[in-house]
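See below for structure_35.tsv, which holds TSV, C-alpha atoms.
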chain	number	residue	atom	x	y	z
A	1	MET	CA	78.72	119.92	85.27
A	2	ALA	CA	79.60	120.70	81.65
A	3	LYS	CA	82.74	122.74	81.23
A	4	ASP	CA	84.26	124.68	78.33
A	5	SER	CA	82.98	123.04	75.13
A	6	SER	CA	85.06	124.97	72.57
A	7	PRO	CA	86.98	122.60	70.23
A	8	ILE	CA	90.46	123.97	70.91
A	9	SER	CA	93.71	122.45	72.09
A	10	LYS	CA	93.92	122.13	75.87
A	11	VAL	CA	97.48	120.83	75.92
A	12	MET	CA	99.57	122.35	78.71
A	13	THR	CA	102.64	121.52	80.74
A	14	ALA	CA	102.10	120.15	84.23
A	15	LYS	CA	103.35	123.44	85.64
A	16	GLU	CA	100.91	125.51	83.54
A	17	ALA	CA	97.93	123.30	84.39
A	18	VAL	CA	98.58	123.19	88.13
A	19	GLU	CA	99.28	126.92	88.26
A	20	LYS	CA	95.98	127.66	86.51
A	21	PHE	CA	93.58	125.26	88.24
A	22	VAL	CA	94.96	124.32	91.68
A	23	PHE	CA	95.02	126.93	94.43
A	24	ASP	CA	95.49	127.25	98.18
A	25	GLY	CA	92.45	125.84	99.99
A	26	ALA	CA	91.16	123.91	96.96
A	27	VAL	CA	89.14	120.70	97.17
A	28	VAL	CA	91.17	118.30	95.04
A	29	GLY	CA	89.70	115.03	93.76
A	30	LEU	CA	92.26	112.31	93.09
A	31	GLY	CA	91.68	109.55	90.56
A	32	GLY	CA	93.29	106.14	90.27
A	33	GLN	CA	93.64	103.74	93.15
A	34	ASN	CA	96.21	101.75	95.10
A	35	VAL	CA	99.07	101.01	92.66
A	36	GLY	CA	97.23	101.89	89.46
A	37	ARG	CA	96.97	105.08	87.43
A	38	CYS	CA	97.70	107.69	90.11
A	39	ALA	CA	98.50	111.11	88.58
A	40	MET	CA	101.93	111.38	90.20
A	41	ALA	CA	103.42	113.90	87.76
A	42	LEU	CA	100.67	116.37	88.65
A	43	VAL	CA	100.99	115.63	92.37
A	44	HIS	CA	104.73	116.31	92.22
A	45	GLU	CA	104.01	119.66	90.58
A	46	ILE	CA	101.59	120.60	93.37
A	47	VAL	CA	104.26	119.72	95.93
A	48	ARG	CA	106.92	121.75	94.11
A	49	ARG	CA	104.58	124.74	94.04
A	50	GLN	CA	103.70	124.24	97.75
A	51	ILE	CA	99.95	124.73	97.29
A	52	ARG	CA	98.57	124.41	100.82
A	53	ASN	CA	95.46	123.86	102.94
A	54	LEU	CA	94.07	121.33	100.48
A	55	THR	CA	91.08	119.09	101.02
A	56	VAL	CA	91.75	115.79	99.26
A	57	VAL	CA	88.84	113.56	98.26
A	58	GLY	CA	88.54	110.16	96.60
A	59	CYS	CA	87.55	106.54	97.09
A	60	ASN	CA	90.91	104.88	97.61
A	61	LEU	CA	93.41	107.57	98.54
A	62	SER	CA	96.80	106.10	97.72
A	63	ILE	CA	100.40	107.24	97.29
A	64	ASN	CA	99.23	110.34	95.42
A	65	MET	CA	97.43	111.50	98.56
A	66	ASP	CA	100.22	110.35	100.88
A	67	VAL	CA	102.83	112.48	99.10
A	68	LEU	CA	100.62	115.57	99.47
A	69	VAL	CA	100.03	114.82	103.15
A	70	GLY	CA	103.71	114.07	103.77
A	71	ALA	CA	104.61	117.43	102.21
A	72	GLY	CA	102.32	119.16	104.74
A	73	LEU	CA	99.88	120.47	102.15
A	74	VAL	CA	96.64	118.74	103.24
A	75	ARG	CA	94.41	119.97	106.05
A	76	ARG	CA	91.56	117.52	105.43
A	77	CYS	CA	90.73	114.24	103.68
A	78	GLU	CA	87.34	112.83	102.77
A	79	GLY	CA	87.50	109.31	101.43
A	80	GLY	CA	87.14	105.59	101.73
A	81	THR	CA	90.62	104.49	102.74
A	82	GLY	CA	94.32	105.23	102.55
A	83	ASN	CA	96.48	102.26	101.56
A	84	LEU	CA	98.83	100.67	99.04
A	85	GLU	CA	97.34	97.17	99.14
A	86	TYR	CA	100.16	94.61	99.45
A	87	PHE	CA	102.60	97.38	100.40
A	88	GLY	CA	100.65	98.42	103.48
A	89	THR	CA	99.02	101.55	104.78
A	90	THR	CA	99.81	105.10	103.69
A	91	PHE	CA	102.10	106.04	106.55
A	92	CYS	CA	102.13	109.85	106.22
A	93	PHE	CA	98.34	109.79	106.12
A	94	ARG	CA	98.08	107.61	109.23
A	95	ARG	CA	100.63	109.65	111.15
A	96	ALA	CA	98.89	112.93	110.31
A	97	ILE	CA	95.58	111.58	111.66
A	98	GLU	CA	97.20	110.15	114.81
A	99	GLN	CA	98.98	113.43	115.52
A	100	GLY	CA	95.85	115.49	114.89
A	101	VAL	CA	97.44	117.66	112.20
A	102	MET	CA	94.89	116.61	109.56
A	103	GLU	CA	91.15	116.02	109.66
A	104	MET	CA	89.76	112.77	108.26
A	105	GLU	CA	86.13	112.22	107.31
A	106	ASP	CA	85.45	108.52	106.66
A	107	TYR	CA	83.08	107.21	104.00
A	108	SER	CA	82.66	103.87	102.32
A	109	HIS	CA	83.84	103.73	98.72
A	110	LEU	CA	80.22	103.61	97.61
A	111	GLY	CA	79.52	106.56	99.90
A	112	VAL	CA	82.12	108.68	98.12
A	113	LEU	CA	80.86	107.53	94.72
A	114	SER	CA	77.28	108.38	95.73
A	115	ARG	CA	78.34	111.90	96.68
A	116	LEU	CA	80.11	112.34	93.34
A	117	MET	CA	77.07	111.03	91.47
A	118	ALA	CA	74.95	113.67	93.19
A	119	GLY	CA	77.53	116.28	92.25
A	120	GLU	CA	77.63	115.28	88.58
A	121	MET	CA	73.82	115.33	88.31
A	122	GLY	CA	73.44	118.66	90.09
A	123	LEU	CA	71.51	117.10	92.98
A	124	PRO	CA	71.92	118.32	96.58
A	125	PHE	CA	72.31	114.81	97.97
A	126	MET	CA	72.17	111.12	97.10
A	127	PRO	CA	70.24	108.41	99.00
A	128	THR	CA	72.10	105.20	99.80
A	129	LYS	CA	72.11	102.26	102.19
A	130	SER	CA	75.88	102.13	102.26
A	131	MET	CA	77.41	102.87	105.69
A	132	LEU	CA	74.20	101.98	107.55
A	133	GLY	CA	75.09	100.05	110.70
A	134	SER	CA	78.73	101.19	110.64
A	135	ASP	CA	80.57	103.43	113.07
A	136	MET	CA	81.10	105.91	110.22
A	137	LEU	CA	77.73	107.29	111.30
A	138	THR	CA	79.08	108.18	114.73
A	139	GLN	CA	81.20	110.91	113.13
A	140	GLN	CA	79.87	114.25	111.94
A	141	ALA	CA	81.57	116.60	109.51
A	142	ALA	CA	84.00	118.96	111.24
A	143	SER	CA	83.50	121.63	108.57
A	144	THR	CA	79.68	121.75	108.44
A	145	GLY	CA	78.59	119.78	111.52
A	146	LYS	CA	76.43	117.54	109.32
A	147	LYS	CA	77.94	114.60	107.46
A	148	TYR	CA	74.67	112.87	106.60
A	149	GLU	CA	70.93	112.77	107.21
A	150	LEU	CA	69.11	109.60	108.22
A	151	VAL	CA	65.49	109.48	107.02
A	152	ASP	CA	62.60	107.06	106.57
A	153	ASN	CA	61.90	105.72	103.10
A	154	PRO	CA	58.61	107.49	102.25
A	155	TRP	CA	57.49	104.47	100.16
A	156	LYS	CA	58.46	101.85	102.72
A	157	PRO	CA	57.75	102.92	106.31
A	158	GLY	CA	60.29	101.67	108.81
A	159	GLU	CA	63.12	101.40	106.27
A	160	ARG	CA	65.96	103.82	106.97
A	161	VAL	CA	67.85	105.58	104.16
A	162	LEU	CA	71.05	107.59	104.38
A	163	LEU	CA	71.30	110.91	102.55
A	164	LEU	CA	74.84	112.01	101.68
A	165	PRO	CA	75.65	115.56	100.49
A	166	ALA	CA	76.80	116.18	96.93
A	167	LEU	CA	80.53	116.44	96.34
A	168	GLN	CA	81.84	118.85	93.69
A	169	PRO	CA	85.64	119.19	93.90
A	170	ASP	CA	87.27	122.39	92.70
A	171	VAL	CA	89.57	120.32	90.51
A	172	ALA	CA	89.84	116.66	89.55
A	173	ILE	CA	93.29	115.23	88.83
A	174	ILE	CA	93.48	111.94	86.95
A	175	HIS	CA	95.93	109.97	84.80
A	176	ALA	CA	94.85	108.15	81.64
A	177	GLN	CA	96.44	106.16	78.86
A	178	LYS	CA	95.38	108.38	75.95
A	179	CYS	CA	93.94	111.83	75.26
A	180	ASP	CA	93.53	113.94	72.19
A	181	PRO	CA	94.42	117.67	72.26
A	182	MET	CA	90.76	118.61	72.85
A	183	GLY	CA	90.56	116.50	76.00
A	184	ASN	CA	88.76	113.34	74.91
A	185	VAL	CA	90.03	110.72	77.37
A	186	VAL	CA	90.59	106.98	76.90
A	187	ILE	CA	91.15	105.00	80.10
A	188	GLU	CA	92.12	101.36	79.69
A	189	GLY	CA	91.51	98.76	82.37
A	190	PHE	CA	89.73	99.69	85.59
A	191	LEU	CA	87.92	103.02	85.72
A	192	CYS	CA	87.68	103.34	89.51
A	193	HIS	CA	85.63	106.50	90.29
A	194	ASP	CA	87.40	108.69	87.74
A	195	VAL	CA	84.48	109.25	85.38
A	196	GLU	CA	82.10	110.35	88.14
A	197	LEU	CA	84.86	112.45	89.71
A	198	VAL	CA	85.55	114.34	86.50
A	199	ARG	CA	81.87	114.91	85.76
A	200	ALA	CA	81.30	116.28	89.27
A	201	ALA	CA	84.37	118.54	89.43
A	202	LYS	CA	84.45	122.20	88.47
A	203	HIS	CA	87.73	121.75	86.56
A	204	THR	CA	89.76	118.75	85.42
A	205	ILE	CA	93.42	118.17	84.66
A	206	VAL	CA	94.25	114.93	82.84
A	207	SER	CA	97.81	113.68	82.48
A	208	CYS	CA	98.26	110.92	79.93
A	209	GLU	CA	100.79	108.52	78.52
A	210	GLU	CA	100.34	109.87	75.02
A	211	ILE	CA	98.38	112.47	73.09
A	212	VAL	CA	96.83	111.02	69.94
A	213	PRO	CA	95.06	112.76	67.03
A	214	THR	CA	91.36	113.48	67.45
A	215	GLU	CA	90.70	111.55	64.24
A	216	LYS	CA	92.09	108.41	65.85
A	217	ILE	CA	89.87	108.88	68.91
A	218	ARG	CA	86.79	109.29	66.69
A	219	MET	CA	87.55	106.11	64.75
A	220	ASP	CA	86.86	104.13	67.93
A	221	GLY	CA	84.57	106.53	69.76
A	222	GLU	CA	83.01	104.03	72.16
A	223	ARG	CA	86.36	103.75	73.94
A	224	THR	CA	86.19	107.40	75.01
A	225	ASN	CA	85.39	107.31	78.73
A	226	ILE	CA	85.38	111.09	79.27
A	227	PRO	CA	84.44	113.56	76.49
A	228	TYR	CA	86.35	116.78	75.97
A	229	LEU	CA	83.68	119.09	77.42
A	230	TYR	CA	84.58	117.90	80.95
A	231	VAL	CA	88.33	118.47	80.59
A	232	ASP	CA	90.22	121.75	81.03
A	233	ALA	CA	93.86	120.72	80.64
A	234	VAL	CA	95.73	117.84	78.98
A	235	VAL	CA	99.29	117.09	80.07
A	236	GLU	CA	101.33	114.54	78.10
A	237	GLN	CA	103.67	112.73	80.46
A	238	PRO	CA	104.90	109.23	79.68
A	239	PHE	CA	105.22	107.19	82.89
A	240	GLY	CA	103.23	109.95	84.59
A	241	ALA	CA	101.72	107.47	87.05
A	242	HIS	CA	105.07	106.13	88.31
A	243	PRO	CA	105.62	104.40	90.70
A	244	THR	CA	102.04	103.17	90.13
A	245	GLY	CA	101.18	101.45	86.86
A	246	ALA	CA	99.21	102.19	83.71
A	247	TYR	CA	97.44	99.18	82.21
A	248	ARG	CA	98.84	98.09	78.82
A	249	TYR	CA	101.73	100.56	79.16
A	250	TYR	CA	103.75	99.55	82.22
A	251	ASP	CA	103.42	97.80	85.57
A	252	TYR	CA	103.86	99.38	88.98
A	253	ASP	CA	107.43	99.73	90.23
A	254	ILE	CA	107.76	97.32	93.15
A	255	ASP	CA	111.21	98.56	94.13
A	256	HIS	CA	110.29	102.23	94.22
A	257	VAL	CA	107.01	101.68	96.05
A	258	LYS	CA	108.95	99.75	98.70
A	259	LEU	CA	111.52	102.54	98.83
A	260	TYR	CA	108.80	105.14	99.26
A	261	GLN	CA	107.12	103.11	102.01
A	262	LYS	CA	110.44	102.77	103.86
A	263	PHE	CA	110.89	106.53	104.07
A	264	ALA	CA	107.18	107.23	104.67
A	265	ARG	CA	107.15	104.79	107.58
A	266	GLU	CA	110.22	106.41	109.13
A	267	GLY	CA	108.95	109.96	108.59
A	268	GLY	CA	110.80	113.03	109.80
A	269	LYS	CA	114.14	113.82	108.14
A	270	ALA	CA	114.16	110.53	106.23
A	271	TYR	CA	110.90	111.44	104.47
A	272	ASP	CA	112.05	115.03	103.91
A	273	ASP	CA	115.18	113.62	102.24
A	274	TYR	CA	113.00	111.52	99.94
A	275	LEU	CA	110.96	114.58	98.90
A	276	LYS	CA	114.13	116.62	98.39
A	277	LYS	CA	115.77	114.04	96.13
A	278	TYR	CA	112.79	112.93	94.09
A	279	VAL	CA	110.52	116.00	94.03
A	280	PHE	CA	112.05	119.32	95.08
A	281	ASP	CA	115.47	118.80	93.47
A	282	ALA	CA	113.92	117.32	90.33
A	283	GLU	CA	113.49	119.92	87.60
A	284	ASN	CA	110.41	118.12	86.27
A	285	PHE	CA	108.89	114.63	86.19
A	286	ASP	CA	111.32	113.41	83.54
A	287	ASP	CA	114.13	114.33	85.91
A	288	TYR	CA	112.33	112.42	88.68
A	289	LEU	CA	112.12	109.35	86.42
A	290	ASP	CA	115.86	109.53	85.79
A	291	ARG	CA	116.47	109.70	89.53
A	292	ALA	CA	114.15	106.72	90.05
A	293	GLY	CA	116.07	104.48	87.65
A	294	GLY	CA	115.76	106.01	84.22
A	295	PHE	CA	115.60	103.97	81.03
A	296	ARG	CA	116.55	100.68	82.70
A	297	MET	CA	113.66	101.01	85.16
A	298	MET	CA	111.18	102.02	82.46
A	299	ASN	CA	112.19	99.14	80.19
A	300	SER	CA	111.83	96.68	83.06
A	301	LEU	CA	108.31	97.90	83.87
A	302	ILE	CA	107.26	97.70	80.21
A	303	LYS	CA	108.59	94.15	79.91
A	304	ARG	CA	106.77	93.13	83.10
A	305	MET	CA	103.52	94.51	81.79
A	306	LYS	CA	103.87	92.76	78.41
A	307	ALA	CA	104.55	89.48	80.17
A	308	MET	CA	101.25	89.85	82.04
A	309	LEU	CA	99.11	90.60	78.97
Reformat the file's structure so that it appears as structure tokens.
Amino acid sequence: MAKDSSPISKVMTAKEAVEKFVFDGAVVGLGGQNVGRCAMALVHEIVRRQIRNLTVVGCNLSINMDVLVGAGLVRRCEGGTGNLEYFGTTFCFRRAIEQGVMEMEDYSHLGVLSRLMAGEMGLPFMPTKSMLGSDMLTQQAASTGKKYELVDNPWKPGERVLLLPALQPDVAIIHAQKCDPMGNVVIEGFLCHDVELVRAAKHTIVSCEEIVPTEKIRMDGERTNIPYLYVDAVVEQPFGAHPTGAYRYYDYDIDHVKLYQKFAREGGKAYDDYLKKYVFDAENFDDYLDRAGGFRMMNSLIKRMKAML
């Protein structure tokens, strides 16, 4: 789905971008995965603005999703999993499912990607063999009553094929290493499902570590993963993925992820206190970073990343 193609600056603050493109009841696609490149600055802004009744979609729904769920803003998730790898499950997510306060529609990672591929190509559905033989086919969609269609391969009688409906989020939210003011995006390291997500979504907000001149992007054009015509807003926010990492810029923050997991596991007032200190009482994401350790923390994460490269 091609979006606005006019060559103008799309640079906004996180507040301006979220206010313009995220709304109550929106289907929000989250990029990044596990402890890498989650758009936390944008997620914090959604929480501060208390945008509710969201449907959150993605392959690996990580801490970005868990914060939204823990804040009580998500009514439904469609995705592959919710976890933080070594650091365990996403506790707010699990608790919301167990308590029946949030719907969950399970797909394999390839299932989600197949739906996004259908969405980006303007197709009504995508055939796949992923999920065949799994108990994910025992569940139907609560919203439509039809999660999939199982059909025979017309060219190979007896072979079953799964049809999954196209997925076109209202807004995609991703974090990248570099963007130019027009919205050309450079992602370094793993791409996850971000490219397909952005191409399928109706609107896209990209936060980035740094905004660079368009001339610099064009000098090495093959590194542009997402061209400007798919992007609606660019938000410059150094360390905008914290406490997850951004390849070649900084590593994930082990201490803060563990801190988050401690409060998320406990839930209740303990988790509310975490949100109050690090999100609601923070004027912006820079303020959050100061509360999370400031310059000393940032310098430590940068050094850890350099030691790994």
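Of the listed residues A:Ala201, A:Leu61, A:Leu68, A:Ile211, the one whose atoms come nearest to Tyr107 of chain A is A:Leu61, with distances taken using only C-alpha atoms.
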- Which polymer residues have any atom within 7 Å of an atom of segment 170-178 of chain A, counting only C-alpha atoms, with same-chain residues fewer than 6 positions away left out, as a PyMOL selection string? chain A and resi 21-22+26-32+37-39+185-188+194+197-198+201-212+241+246
- From the set A:Leu229, A:Ala166, A:Val35, A:Met117, which residue has the shortest atom-to-atom contact distance to Leu84 of chain A, counting only C-alpha atoms?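 Of all the options, A:Val35 lies closest to Leu84 of chain A.
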- Item | Near-segment 18-20 of chain A list (10 Å; all atoms listed in the file; drop same-chain fewer than 6 positions) as a list in words |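 The neighbour list is Met12, Leu42, Val43, Glu45, Ile46, Arg49, Ile51, Val171, Ile173, Ile205, Asp232 and Ala233 of chain A.
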- Figure out the distance between atom CA of Val231 of chain A and atom CA of Met298 of chain A, please, to one decimal in Å. 28.2 Å
- Message: Report, in Å with one decimal, the straight-line distance from atom CA of Phe295 of chain A to atom CA of Glu283 of chain A.
- Response: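 Taking atom CA of Phe295 of chain A as the start and atom CA of Glu283 of chain A as the end point, the length is 17.4 Å.
Atom pair atom CA of Arg75 of chain A / atom CA of Val101 of chain A has a distance of 7.2 Å (rounded to one decimal).
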Mind working out the centre and edge lengths of an axis-aligned box for segment 27-37 of chain A, all listed atoms inside, 8 Å added to each side, rounded to one decimal in Å and written as JSON?
{"center_x": 94.1, "center_y": 110.9, "center_z": 92.3, "size_x": 25.9, "size_y": 35.7, "size_z": 25.7}
- Item | Selection: 12 Å around Glu105 of chain A, all atoms listed in the file, excl. self and same-chain fewer than 2 positions, as a VMD selection string | chain A and resid 55 to 59 75 to 82 97 102 to 103 107 to 108 111 to 112 135 to 148
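Nearest residue to His193 of chain A among A:Leu113, A:Gly72, A:Ala41, A:Glu16 is A:Leu113, counting all atoms listed in the file.
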- Item | Selection near Thr13 of chain A, 8 Å with all atoms listed in the file, sequence-local residues under 3 positions removed, as a list in words |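 Residues near the query, excluding close chain neighbours: Glu16, Ala17, Val235 and Glu236 of chain A.
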- Task: Would you please work out which residue, of A:Pro157, A:Gly133, A:Gly268, A:Gly294, is nearest to Arg95 of chain A when using all atoms listed in the file?
- Result: A:Gly268
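Distance check against Ala71 of chain A using all atoms listed in the file: of A:Ala96, A:Leu275, A:Val161, A:Met121, the minimum falls on A:Leu275.
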- Contacts of Met297 of chain A at 9 Å (only C-alpha atoms; same-chain gap of 6+ positions) as a ChimeraX atom specification: /A:253,289-290
- Using all atoms listed in the file, which residue out of A:Asp180, A:Gly189, A:Gly70, A:Ala292 lies closest to Glu215 of chain A?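 Closest candidate: A:Asp180.
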Output segment 111-122 of chain A with all heavy atoms present, as an mmCIF file, in the coordinates of the input.
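The resulting file, result.cif, is shown below:
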data_model
loop_
_atom_site.group_PDB
_atom_site.id
_atom_site.type_symbol
_atom_site.label_atom_id
_atom_site.label_comp_id
_atom_site.auth_asym_id
_atom_site.auth_seq_id
_atom_site.Cartn_x
_atom_site.Cartn_y
_atom_site.Cartn_z
ATOM 1 N N GLY A 111 79.955 105.271 99.364
ATOM 2 C CA GLY A 111 79.520 106.560 99.900
ATOM 3 C C GLY A 111 80.141 107.716 99.146
ATOM 4 O O GLY A 111 79.464 108.684 98.778
ATOM 5 N N VAL A 112 81.443 107.634 98.888
ATOM 6 C CA VAL A 112 82.120 108.680 98.120
ATOM 7 C C VAL A 112 81.555 108.741 96.704
ATOM 8 O O VAL A 112 81.266 109.820 96.179
ATOM 9 C CB VAL A 112 83.645 108.424 98.056
ATOM 10 C CG1 VAL A 112 84.321 109.436 97.138
ATOM 11 C CG2 VAL A 112 84.251 108.485 99.449
ATOM 12 N N LEU A 113 81.390 107.570 96.086
ATOM 13 C CA LEU A 113 80.860 107.530 94.720
ATOM 14 C C LEU A 113 79.445 108.110 94.674
ATOM 15 O O LEU A 113 79.095 108.837 93.729
ATOM 16 C CB LEU A 113 80.860 106.091 94.209
ATOM 17 C CG LEU A 113 80.480 105.892 92.739
ATOM 18 C CD1 LEU A 113 81.464 106.619 91.826
ATOM 19 C CD2 LEU A 113 80.429 104.420 92.393
ATOM 20 N N SER A 114 78.640 107.836 95.683
ATOM 21 C CA SER A 114 77.280 108.380 95.730
ATOM 22 C C SER A 114 77.300 109.905 95.798
ATOM 23 O O SER A 114 76.504 110.585 95.134
ATOM 24 C CB SER A 114 76.529 107.822 96.946
ATOM 25 O OG SER A 114 76.376 106.422 96.844
ATOM 26 N N ARG A 115 78.218 110.443 96.573
ATOM 27 C CA ARG A 115 78.340 111.900 96.680
ATOM 28 C C ARG A 115 78.761 112.508 95.340
ATOM 29 O O ARG A 115 78.273 113.575 94.950
ATOM 30 C CB ARG A 115 79.342 112.269 97.766
ATOM 31 C CG ARG A 115 78.931 111.853 99.175
ATOM 32 C CD ARG A 115 79.924 112.363 100.199
ATOM 33 N NE ARG A 115 79.932 113.811 100.205
ATOM 34 C CZ ARG A 115 80.901 114.558 100.729
ATOM 35 N NH1 ARG A 115 81.971 113.979 101.266
ATOM 36 N NH2 ARG A 115 80.830 115.881 100.715
ATOM 37 N N LEU A 116 79.687 111.847 94.639
ATOM 38 C CA LEU A 116 80.110 112.340 93.340
ATOM 39 C C LEU A 116 78.993 112.240 92.308
ATOM 40 O O LEU A 116 78.829 113.126 91.457
ATOM 41 C CB LEU A 116 81.328 111.546 92.850
ATOM 42 C CG LEU A 116 82.630 111.768 93.623
ATOM 43 C CD1 LEU A 116 83.689 110.779 93.175
ATOM 44 C CD2 LEU A 116 83.136 113.202 93.462
ATOM 45 N N MET A 117 78.203 111.175 92.390
ATOM 46 C CA MET A 117 77.070 111.030 91.470
ATOM 47 C C MET A 117 76.067 112.154 91.674
ATOM 48 O O MET A 117 75.511 112.693 90.704
ATOM 49 C CB MET A 117 76.412 109.664 91.658
ATOM 50 C CG MET A 117 77.262 108.501 91.173
ATOM 51 S SD MET A 117 76.544 106.885 91.584
ATOM 52 C CE MET A 117 75.038 106.944 90.593
ATOM 53 N N ALA A 118 75.830 112.526 92.932
ATOM 54 C CA ALA A 118 74.950 113.670 93.190
ATOM 55 C C ALA A 118 75.545 114.938 92.604
ATOM 56 O O ALA A 118 74.849 115.743 91.972
ATOM 57 C CB ALA A 118 74.732 113.826 94.702
ATOM 58 N N GLY A 119 76.867 115.092 92.776
ATOM 59 C CA GLY A 119 77.530 116.280 92.250
ATOM 60 C C GLY A 119 77.457 116.368 90.739
ATOM 61 O O GLY A 119 77.209 117.442 90.175
ATOM 62 N N GLU A 120 77.647 115.246 90.043
ATOM 63 C CA GLU A 120 77.630 115.280 88.580
ATOM 64 C C GLU A 120 76.233 115.531 88.026
ATOM 65 O O GLU A 120 76.075 116.079 86.940
ATOM 66 C CB GLU A 120 78.207 113.996 87.998
ATOM 67 C CG GLU A 120 77.358 112.764 88.183
ATOM 68 C CD GLU A 120 77.901 111.564 87.403
ATOM 69 O OE1 GLU A 120 78.161 111.712 86.194
ATOM 70 O OE2 GLU A 120 78.053 110.491 87.992
ATOM 71 N N MET A 121 75.199 115.138 88.772
ATOM 72 C CA MET A 121 73.820 115.330 88.310
ATOM 73 C C MET A 121 73.203 116.623 88.811
ATOM 74 O O MET A 121 72.050 116.920 88.509
ATOM 75 C CB MET A 121 72.963 114.138 88.742
ATOM 76 C CG MET A 121 73.305 112.855 88.024
ATOM 77 S SD MET A 121 72.128 111.507 88.335
ATOM 78 C CE MET A 121 72.620 111.026 89.991
ATOM 79 N N GLY A 122 73.959 117.393 89.580
ATOM 80 C CA GLY A 122 73.440 118.660 90.090
ATOM 81 C C GLY A 122 72.407 118.493 91.185
ATOM 82 O O GLY A 122 71.592 119.390 91.425
#
